[in-house]
Amino acid sequence: MSKPKAKAAQTHQTGIYKSDSVRDVAESLGIANLSETVASSLASDVEYRIHQVIEEASRFMRHARRTTITTLDIDQALRVLNIEPLYGHNPDNPPVFRRALPFPNAANVGPVYFVDDEEIDFDRVLREEKITLPKGVSWTAHWLAVEGVQPLIPENPPAIPKDVAQEITKSPPQANGAFPLTPPSESRSTVKKQQQQQQQLVKQVLSRELQLYYTRLTASLLPPTDSTKRTAALASLRNDAGLQALLPYLIRWLGEGVVTALKEGAQTEADGRSLEVLLDVVSAILENNTLFIEPYLHQLLPAILSTLLHSTLPPSHATHLRTSAAQTLSRLLTQHSTTYPSLSPRIMKTLLVALISSDKSKGTREGAIRGLVGIGKEAVRKGLVEGGGVKVVGSECALGETGPLVDSVMTALHVLHAASDMPESLDATDDGDTVTMRQLQDVLGNFFAEKLYGDKGWALGILSSIKQQS
């Protein structure tokens, strides 16, 4: 019987990372007796991890088209491997390694390298004057000009005062043809001077072609012009782009035209046709999506409201003018009430004052009612019912009276609720109908309540609509 052969002793192959380094780290952590087998296994695993990190870092290096691995590549590799990166190493300022002097007692030890860190004297740093670092380079946006007007902000050059500008204008050019230098402005001008400068700037940017277009456009709109030319001019206002520079001139022309047509005692047919054309121009401007009209709303509203609430309009055009002005006002509020939330309440207040005030004429009240109808159902409820406008109008109307004012109130009541297709009259002998009649009188007054007695469904619908919204 032969003896079993003794097993050969297992030898651990060591790589670049030596087991002595693992043993030194273990001793620094308080692990004194670390076996050679464990140290060799740990050294092999550490070397594998180092190879893995370097392989990932080399990929970043190749993608960056470099031939040298930087600390940034190592950090990216550690993040890819879900390992916390090493802090304190900047790729723009790589660390400098120095070679240590050989140790006389350890001649077999290879070369040792260390990072050459500068020693900082804190006493000297505290005594030195602190330097404030400047802000980094950045950029920001600001308005160089808005509608041809340069806003007074720190980024733009200061405005020239009026007296200085006049001196510059009066001063003759120099002999060589160059103009004198503009002196700097010491302070900002007042609001009046700013408006004058804005008007001058607008006049400067208006080209000769636009001036010719403006002249022919205004001449083609007002009567007695051919209807074909007027239709073409309105189509141009609705669809053409590039009219922004002309907008202030057109709005000023509109305002002057309305004032001229509404002058005291003017009730001719020509004035009525002019007002119709001017309202068509306002509608065309509002329909043009390329125009930025919001800065000019405060100049458009007086022309619309003046036409709507004027006491004496040409009789043959009065109803059509007030209806068109109400529709234009409704379109303006629909487009711009979200941008200016206070616009609708202000117009509502103006219409309520024109409707309820005791010194207003019937024409003004009719315009206010048609304006409320154009705004919508809620405006009709607040103005006619809650504000008592329908009672005020009814108290001024004689029994059985008809006319544009009464028609406008009936139109407003149709907005609250539509009339019945097959009306059924209220019966004064029925208790339920009697209660309905009293409610109509309380809400609408006697004059307009009687006009609803012939349509029971309409009367109940109006009362129900008022109760639901209140």
# chains A, B, ... in the order shown; residues from 1 in each chain; ligands from 1
>>> closest_atom_pairs(of="segment 262-330 of chain A", to="segment 335-358 of chain A", cutoff="12 Å", atoms="only C-alpha atoms", output="JSON lines")
{"residue": "A:Ser283", "atom": "CA", "partner": "A:Gln335", "partner_atom": "CA", "distance": 12.0}
{"residue": "A:Leu286", "atom": "CA", "partner": "A:Gln335", "partner_atom": "CA", "distance": 8.5}
{"residue": "A:Glu287", "atom": "CA", "partner": "A:Gln335", "partner_atom": "CA", "distance": 9.8}
{"residue": "A:Asn288", "atom": "CA", "partner": "A:Gln335", "partner_atom": "CA", "distance": 11.7}
{"residue": "A:Asn289", "atom": "CA", "partner": "A:Gln335", "partner_atom": "CA", "distance": 10.6}
{"residue": "A:Phe292", "atom": "CA", "partner": "A:His336", "partner_atom": "CA", "distance": 11.1}
{"residue": "A:Ile293", "atom": "CA", "partner": "A:His336", "partner_atom": "CA", "distance": 9.5}
{"residue": "A:Glu294", "atom": "CA", "partner": "A:His336", "partner_atom": "CA", "distance": 7.5}
{"residue": "A:Pro295", "atom": "CA", "partner": "A:His336", "partner_atom": "CA", "distance": 11.0}
{"residue": "A:Tyr296", "atom": "CA", "partner": "A:His336", "partner_atom": "CA", "distance": 11.6}
{"residue": "A:Leu297", "atom": "CA", "partner": "A:His336", "partner_atom": "CA", "distance": 9.0}
{"residue": "A:His298", "atom": "CA", "partner": "A:Leu343", "partner_atom": "CA", "distance": 9.8}
{"residue": "A:Leu301", "atom": "CA", "partner": "A:Ile347", "partner_atom": "CA", "distance": 9.1}
{"residue": "A:Pro302", "atom": "CA", "partner": "A:Ile347", "partner_atom": "CA", "distance": 10.7}
{"residue": "A:Ile304", "atom": "CA", "partner": "A:Ile347", "partner_atom": "CA", "distance": 11.1}
{"residue": "A:Leu305", "atom": "CA", "partner": "A:Leu351", "partner_atom": "CA", "distance": 8.9}
{"residue": "A:Ser306", "atom": "CA", "partner": "A:Thr350", "partner_atom": "CA", "distance": 11.2}
{"residue": "A:Leu308", "atom": "CA", "partner": "A:Leu351", "partner_atom": "CA", "distance": 9.7}
{"residue": "A:Leu309", "atom": "CA", "partner": "A:Ala354", "partner_atom": "CA", "distance": 7.5}
{"residue": "A:His310", "atom": "CA", "partner": "A:Ala354", "partner_atom": "CA", "distance": 10.1}
{"residue": "A:Ser311", "atom": "CA", "partner": "A:Ala354", "partner_atom": "CA", "distance": 10.4}
{"residue": "A:Ala326", "atom": "CA", "partner": "A:Leu351", "partner_atom": "CA", "distance": 11.0}
{"residue": "A:Thr328", "atom": "CA", "partner": "A:Gln335", "partner_atom": "CA", "distance": 10.8}
{"residue": "A:Leu329", "atom": "CA", "partner": "A:Ile347", "partner_atom": "CA", "distance": 9.3}
{"residue": "A:Ser330", "atom": "CA", "partner": "A:Gln335", "partner_atom": "CA", "distance": 8.7}
>>> select_by_dssp(residues="segment 53-135 of chain A", states="alpha helix (DSSP H)", output="ChimeraX atom specification")
/A:53-63,71-80,122-127
>>> residues_around(residues="Val281 of chain A", least_positions_apart="5", cutoff="12 Å", atoms="only C-alpha atoms", output="PyMOL selection string")
chain A and resi 217-218+220-222+230-238+247+250-251+253-255+257-258+274-276+286-288+300+303-304+324-325+328
>>> residues_around(residues="Tyr48 of chain A", least_positions_apart="5", cutoff="12 Å", atoms="only C-alpha atoms", output="MDAnalysis selection string")
chainID A and resid 14:17 41:43 53:55
>>> residues_around(residues="Cys397 of chain A", least_positions_apart="6", cutoff="10 Å", atoms="only C-alpha atoms", output="list in words")
Lys362, Lys391, Gly403, Leu405, Val406, Phe447 and Phe448 of chain A
>>> residues_around(residues="Ser44 of chain A", least_positions_apart="3", cutoff="12 Å", atoms="only C-alpha atoms", output="list in words")
His12, Gln13, Thr14, Gly15, Ile16, Tyr17, Lys18, Ser19, Ser21, Val22, Thr37, Val38, Ala39, Ser40, Ser41, Glu47, Tyr48, Arg49, Ile50 and His51 of chain A
>>> write_last_selection(atoms="all heavy atoms", output="compact mmCIF listing (two decimals), in the first residue's frame")
# COMPACT_ATOMS: atom_id res chain seq x y z
N HIS A 12 0.44 31.91 -3.83
CA HIS A 12 -0.43 33.00 -4.27
C HIS A 12 0.38 33.91 -5.18
O HIS A 12 1.45 34.39 -4.80
CB HIS A 12 -0.94 33.78 -3.06
CG HIS A 12 -1.84 32.95 -2.18
ND1 HIS A 12 -3.17 32.77 -2.42
CD2 HIS A 12 -1.55 32.24 -1.03
CE1 HIS A 12 -3.70 32.01 -1.47
NE2 HIS A 12 -2.72 31.66 -0.62
N GLN A 13 -0.14 34.04 -6.35
CA GLN A 13 0.53 34.93 -7.30
C GLN A 13 0.16 36.38 -6.98
O GLN A 13 -1.01 36.72 -6.87
CB GLN A 13 0.09 34.57 -8.74
CG GLN A 13 0.42 33.17 -9.15
CD GLN A 13 1.92 32.93 -9.24
OE1 GLN A 13 2.68 33.87 -9.51
NE2 GLN A 13 2.33 31.70 -9.03
N THR A 14 1.13 37.18 -6.80
CA THR A 14 0.92 38.60 -6.48
C THR A 14 1.19 39.42 -7.72
O THR A 14 2.04 39.10 -8.53
CB THR A 14 1.85 39.05 -5.35
OG1 THR A 14 3.20 38.83 -5.75
CG2 THR A 14 1.53 38.29 -4.07
N GLY A 15 0.40 40.51 -7.83
CA GLY A 15 0.55 41.38 -8.98
C GLY A 15 1.28 42.65 -8.61
O GLY A 15 2.21 42.66 -7.80
N ILE A 16 0.81 43.76 -9.20
CA ILE A 16 1.46 45.05 -8.95
C ILE A 16 1.20 45.50 -7.53
O ILE A 16 2.10 46.01 -6.86
CB ILE A 16 0.95 46.08 -9.97
CG1 ILE A 16 1.27 45.63 -11.39
CG2 ILE A 16 1.52 47.45 -9.71
CD1 ILE A 16 0.71 46.53 -12.46
N TYR A 17 -0.05 45.34 -7.09
CA TYR A 17 -0.39 45.76 -5.73
C TYR A 17 0.04 44.67 -4.77
O TYR A 17 -0.50 43.56 -4.77
CB TYR A 17 -1.90 46.01 -5.63
CG TYR A 17 -2.29 46.87 -4.45
CD1 TYR A 17 -2.20 48.25 -4.52
CD2 TYR A 17 -2.74 46.29 -3.27
CE1 TYR A 17 -2.56 49.05 -3.44
CE2 TYR A 17 -3.09 47.08 -2.19
CZ TYR A 17 -3.01 48.47 -2.28
OH TYR A 17 -3.33 49.25 -1.21
N LYS A 18 1.04 44.92 -3.91
CA LYS A 18 1.63 43.93 -3.02
C LYS A 18 0.78 43.71 -1.79
O LYS A 18 0.01 44.61 -1.38
CB LYS A 18 3.04 44.36 -2.59
CG LYS A 18 3.98 44.64 -3.75
CD LYS A 18 4.23 43.39 -4.58
CE LYS A 18 5.23 43.67 -5.70
NZ LYS A 18 5.45 42.45 -6.54
N SER A 19 0.90 42.53 -1.22
CA SER A 19 0.18 42.22 0.01
C SER A 19 0.71 43.02 1.18
O SER A 19 0.01 43.22 2.18
CB SER A 19 0.26 40.72 0.31
OG SER A 19 1.62 40.32 0.44
N SER A 21 1.28 46.16 1.25
CA SER A 21 0.48 47.38 1.33
C SER A 21 -0.84 47.12 2.04
O SER A 21 -1.30 47.95 2.84
CB SER A 21 0.21 47.93 -0.08
OG SER A 21 1.42 48.21 -0.74
N VAL A 22 -1.44 45.96 1.76
CA VAL A 22 -2.68 45.60 2.46
C VAL A 22 -2.42 45.43 3.94
O VAL A 22 -3.21 45.87 4.79
CB VAL A 22 -3.29 44.34 1.84
CG1 VAL A 22 -4.55 43.91 2.59
CG2 VAL A 22 -3.60 44.55 0.37
N THR A 37 -2.62 34.70 3.40
CA THR A 37 -3.65 34.33 2.43
C THR A 37 -4.68 35.44 2.25
O THR A 37 -5.04 35.81 1.13
CB THR A 37 -4.35 33.04 2.87
OG1 THR A 37 -3.36 32.02 3.07
CG2 THR A 37 -5.37 32.58 1.84
N VAL A 38 -5.13 35.98 3.37
CA VAL A 38 -6.12 37.05 3.31
C VAL A 38 -5.52 38.29 2.66
O VAL A 38 -6.16 38.96 1.82
CB VAL A 38 -6.66 37.36 4.71
CG1 VAL A 38 -7.60 38.56 4.67
CG2 VAL A 38 -7.37 36.14 5.29
N ALA A 39 -4.27 38.62 3.01
CA ALA A 39 -3.63 39.80 2.46
C ALA A 39 -3.45 39.67 0.95
O ALA A 39 -3.67 40.62 0.19
CB ALA A 39 -2.28 40.04 3.14
N SER A 40 -3.06 38.49 0.48
CA SER A 40 -2.88 38.29 -0.96
C SER A 40 -4.22 38.37 -1.70
O SER A 40 -4.31 38.94 -2.81
CB SER A 40 -2.23 36.93 -1.21
OG SER A 40 -0.96 36.87 -0.59
N SER A 41 -5.30 37.81 -1.11
CA SER A 41 -6.62 37.88 -1.75
C SER A 41 -7.11 39.33 -1.85
O SER A 41 -7.63 39.77 -2.89
CB SER A 41 -7.63 37.04 -0.97
OG SER A 41 -7.21 35.69 -0.94
N GLU A 47 -6.32 45.24 -6.87
CA GLU A 47 -5.73 45.44 -8.19
C GLU A 47 -6.79 45.32 -9.28
O GLU A 47 -6.79 46.08 -10.26
CB GLU A 47 -4.61 44.42 -8.40
CG GLU A 47 -3.87 44.61 -9.71
CD GLU A 47 -2.68 43.67 -9.83
OE1 GLU A 47 -2.35 43.01 -8.81
OE2 GLU A 47 -2.10 43.59 -10.92
N TYR A 48 -7.74 44.37 -9.11
CA TYR A 48 -8.81 44.24 -10.09
C TYR A 48 -9.68 45.50 -10.14
O TYR A 48 -10.05 45.98 -11.21
CB TYR A 48 -9.67 43.01 -9.74
CG TYR A 48 -10.95 42.92 -10.53
CD1 TYR A 48 -10.93 42.53 -11.87
CD2 TYR A 48 -12.17 43.26 -9.93
CE1 TYR A 48 -12.11 42.47 -12.60
CE2 TYR A 48 -13.34 43.20 -10.66
CZ TYR A 48 -13.31 42.80 -11.99
OH TYR A 48 -14.47 42.74 -12.71
N ARG A 49 -9.97 46.05 -8.96
CA ARG A 49 -10.80 47.26 -8.92
C ARG A 49 -10.07 48.44 -9.56
O ARG A 49 -10.68 49.26 -10.27
CB ARG A 49 -11.16 47.60 -7.47
CG ARG A 49 -11.92 46.51 -6.73
CD ARG A 49 -13.24 46.21 -7.38
NE ARG A 49 -13.93 45.10 -6.69
CZ ARG A 49 -15.06 44.55 -7.09
NH1 ARG A 49 -15.63 44.98 -8.22
NH2 ARG A 49 -15.62 43.56 -6.42
N ILE A 50 -8.76 48.50 -9.34
CA ILE A 50 -7.99 49.60 -9.94
C ILE A 50 -8.00 49.48 -11.46
O ILE A 50 -8.18 50.47 -12.18
CB ILE A 50 -6.55 49.59 -9.39
CG1 ILE A 50 -6.55 49.97 -7.90
CG2 ILE A 50 -5.67 50.56 -10.17
CD1 ILE A 50 -5.20 49.88 -7.24
N HIS A 51 -7.83 48.26 -11.96
CA HIS A 51 -7.89 48.03 -13.41
C HIS A 51 -9.26 48.43 -13.96
O HIS A 51 -9.37 49.03 -15.05
CB HIS A 51 -7.59 46.56 -13.73
CG HIS A 51 -6.12 46.25 -13.77
ND1 HIS A 51 -5.29 46.68 -14.78
CD2 HIS A 51 -5.33 45.53 -12.91
CE1 HIS A 51 -4.06 46.25 -14.55
NE2 HIS A 51 -4.05 45.55 -13.42
>>> closest_residue(among="A:Leu86, A:Leu333, A:Val415, A:Val259", to="Asp271 of chain A", atoms="only C-alpha atoms")
A:Val259
>>> atom_distance(atom1="atom CA of Glu56 of chain A", atom2="atom CA of Pro95 of chain A")
21.3 Å
